[in-house]
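Right, one structure below, let's go through it.
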Amino acid sequence: MALAAALHAQTAFFPLKDIKPGMRGVGKTVFSGNRIDEFQVEILGVLDNIGPKQSLILAKLSGGPLAETGVLQGMSGSPVYIDGKLAGAVALAFPFAKEPIAGVRPIEEMVRVTNAGRSLPPNQVAHKEKSLAALFSSKDLTSLLPERQETRDIATPVSFSGFTRATLDQFTPQLRALGLEPAQGISSGGPASLRMGDPAALKPGSMISVELMTGDMSIGADGTVTYIDGSRIYAFGHRFLAIGSTALPFTRSEVLTLLPELSASFKISAPKEMMGSIVQDRNTAIAGELGRAAAMAPVAITVSSGGKRLDSYQMQMVNDRFLSPLLVQMAIFSSIDATERAMGASSFRVTGEIEFQGSAAPLKVNNMYAADTGSALLASLSTAIPLAYVLQSGFDTLEVKRVALDIESFDEKKQLQIDSVYVERKEVRAGEKVELITLLTGENGAEVVRKTEYQVPPGLTPGPLYFTVADGMTTNLTEFRQIIGSPPKSVLQLISTVNNLRANTRAYVRVWRPEAAFQLEGEDFPDPPPSVALILGAPQTELGGITQTRNSKMAELAIDAGDCAVSGSKTIQVEVKE
């Protein structure tokens with residue numbers, strides 16, 4: 001009897017095979033506050049095989065504000081019931097449609113995401129060439145579907161709070177490439193409470209917000225709950241980011257108001273308390289678990305100028321190998337843009353570290369960025385690239401533990417160019433010293449001269465000896481070309497490689513000869529004896545990870561350029577005589 005009562009309490013599904021044109025049902029969503037309202041649904045027909053083993057129920061919605069707003073962004077996941085049984089979720093819509101025609105994702109396809117593998121790329125286009133007139137008995141259906149009209153996922157409204165307008169303008173193309181529709185000022189910010197709320201507060205039709213970042217800067221994506229099965233919830237009726245298995249926190253949300261627009265109306269909402277984690281993000285739905293906390297990484301950014309702190313920001317961001325670097329980049333860009341000038345020459349020094357769970361060594365950050373314009377983008381991108389490289393190197397255990405960055409700004413272009421390199425003597429003997437003179441030039445005719453000494457090794461064979469003075473980026477590409485192109489063997493090697501990259505506030509002197517050399521996992525083996533070279537030069541199938549390089553590095557020296565970024569590269573030759 002208890003089992004029978006439990007089965008009776010479960011929500012019954014209306015089979016897709018029984019869906020017929022002309023059927024009527026009801027949908028549930030939130031139009032105001034947290035009150036779940038009903039709207040009417042008229043079934044127009046079924047589009048079969050619109051994607052890989054996927055179908056779509058086409059329906060006309062009515063009731064409430066829908067005649068004025070059409071299908072709303074934020075309605076994704078609104079459950080549709082026929083005869084009291086759950087048929088699916090409002091998930092797709094027609095852009096610029098004059099009537100609220102929507103695509104309803106069958107519930108059977110949504111619940112499959114629990115045990116799904118990685119989905120195929122979405123294919124959600126329904127062309128008129130499928131002969132809609134033959135699919136549906138409604139005579140006026142074709143008038144509702146203009147020529148070459150197509151269904152699309154109802155855009156997921158992503159609210160940005162605490163970010164500058166320029167940040168959204170700069171990153172909108174990247175966000176849209178992820179399937180997100182960024183908007184500023186349509187949310188009241190991050191969740192009101194990080195504590196878990198009462199699961200009973202969520203019901204089919206309730207509004208939720210998937211949080212990517214919370215705190216002084218927040219990012220949340222709104223949608224609707226379709227189905228609750230114990231502690232498991234299903235929502236959206238389409239993918240969010242299609243990142244598969246994941247752990248993204250979500251909150252209960254309340255609708256403040258609706259904003260009708262010609263292109264796409266949307267809900268303006270406010271996230272409330274945390275409710276759980278989204279654990280699956282697939283092509284046909286997202287699935288989450290109530291009460292399950294998602295681990296987030298704290299991000300702290302301070303901005304200063306002239307030794308005086310201008311502002312500081314505290315956030316929590318999701319742990320994701322693809323999202324986290326982008327979120328860090330956006331946070332850095334917004335932090336700079338909020339306090340510093342956007343036009344004109346400027347420079348930024350970024351220092352700090354990024355810690356990882358279970359890793360003894362943090363990722364070190366210490367570089368200077370300068371440009372006539374766009375230095376904020378340069379600084380944010382250059383700081384995010386090493387993090388992206390580490391997270392996307394194939395180690396699943398690597399998760400960000402903490403990000404702490406300090407940004408110092410300067411209203412000038414603090415950059416020096418390697419102008420020339422020369423020596424007083426073009427010919428030397430083994431055991432003698434070479435005095436290398438490097439001229440660095442900067443803004444307003446500034447010149448900096450640096451002298452460097454190199455002692456030629458005793459017994460060095462006669463021949464040409466080269467000195468290449470280059471900036472940090474050029475030297476890094478030369479030194480780490482082999483290791484960057486091959487997968488790291490361990491997390492320790494991965495972090496060590498990135499931390500050993502040269503800073504761009506120095507120039508680096510590479511002393512080399514045009515002789516065969518070898519490199520093994522970043523370590524140089526210059527000019528080995530013929531017998532050793534024969535072994536090292538064996539095919540990589542026998543000795544993996546060894547790369548033969550054209551030039552043999554003999555030494556490396558650093559030239560301090562002071563508080564400036566260095567760019568450029570110059571090479572000079574000295575002849576070693578007998």
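Lettering and numbering for the structure tokens are positional, with chains as A, B, ... in the shown order, residues counted from 1 in each chain, and ligands counted from 1 in the shown order.
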Would you return as a ChimeraX atom specification the members of range 183-357 of chain A that DSSP assigns to strand (DSSP E or B) on this structure's backbone?
/A:183-184,187,193-196,207-215,218-229,232-235,244-259,266-281,286-290,296-305,308-318,346-356
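Near Phe322 in chain A, within 12 Å and counting only C-alpha atoms, sit Leu178, Leu241, Ala242, Ile243, Thr246, Val318, Leu326, Leu327, Val328, Gln329, Ala384, Ile385, Leu387, Ala388, Tyr389, Val390, Leu391, Gln392, Ser393, Gly394, Glu399 and Val400 of chain A; same-chain residues fewer than 4 positions away were not included.
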Write the residues of the preceding selection, restricted to C-alpha atoms, as a compact mmCIF listing (two decimals), in the first residue's frame.
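Result written to again-v2.txt:
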# COMPACT_ATOMS: atom_id res chain seq x y z
CA LEU A 178 28.65 30.08 -25.72
CA LEU A 241 26.35 25.72 -21.93
CA ALA A 242 26.38 22.03 -22.96
CA ILE A 243 29.37 21.33 -20.70
CA THR A 246 29.39 19.82 -14.00
CA VAL A 318 32.43 28.28 -10.38
CA LEU A 326 36.94 33.65 -18.93
CA LEU A 327 35.37 34.71 -15.63
CA VAL A 328 38.77 35.77 -14.25
CA GLN A 329 39.49 37.72 -17.43
CA ALA A 384 43.87 34.50 -17.99
CA ILE A 385 45.90 32.62 -20.63
CA LEU A 387 45.22 29.78 -16.06
CA ALA A 388 43.47 28.44 -19.17
CA TYR A 389 46.61 26.53 -20.17
CA VAL A 390 46.87 24.90 -16.74
CA LEU A 391 43.18 24.01 -16.41
CA GLN A 392 42.90 22.68 -19.95
CA SER A 393 46.03 20.50 -19.85
CA GLY A 394 44.16 17.29 -19.16
CA GLU A 399 40.50 22.76 -9.46
CA VAL A 400 41.00 26.39 -8.53
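Closest approach to Lys272 in chain A from the set A:Asp560, A:Asp471, A:Glu515, A:Asp198 is made by A:Asp198, with distances taken over only C-alpha atoms.
If only C-alpha atoms are the atoms counted, then among A:Gly352, A:Pro106, A:Arg282, A:Pro386 the closest residue to Arg321 in chain A is A:Pro386.
The gap separating CA of Gly374 in chain A from CA of Gln415 in chain A is 14.3 Å, in Å to one decimal.
Minimum atom-to-atom distance to Glu443 in chain A, evaluated using only C-alpha atoms, belongs to A:Asp372 out of A:Ser382, A:Asp372, A:Gly223, A:Val428.
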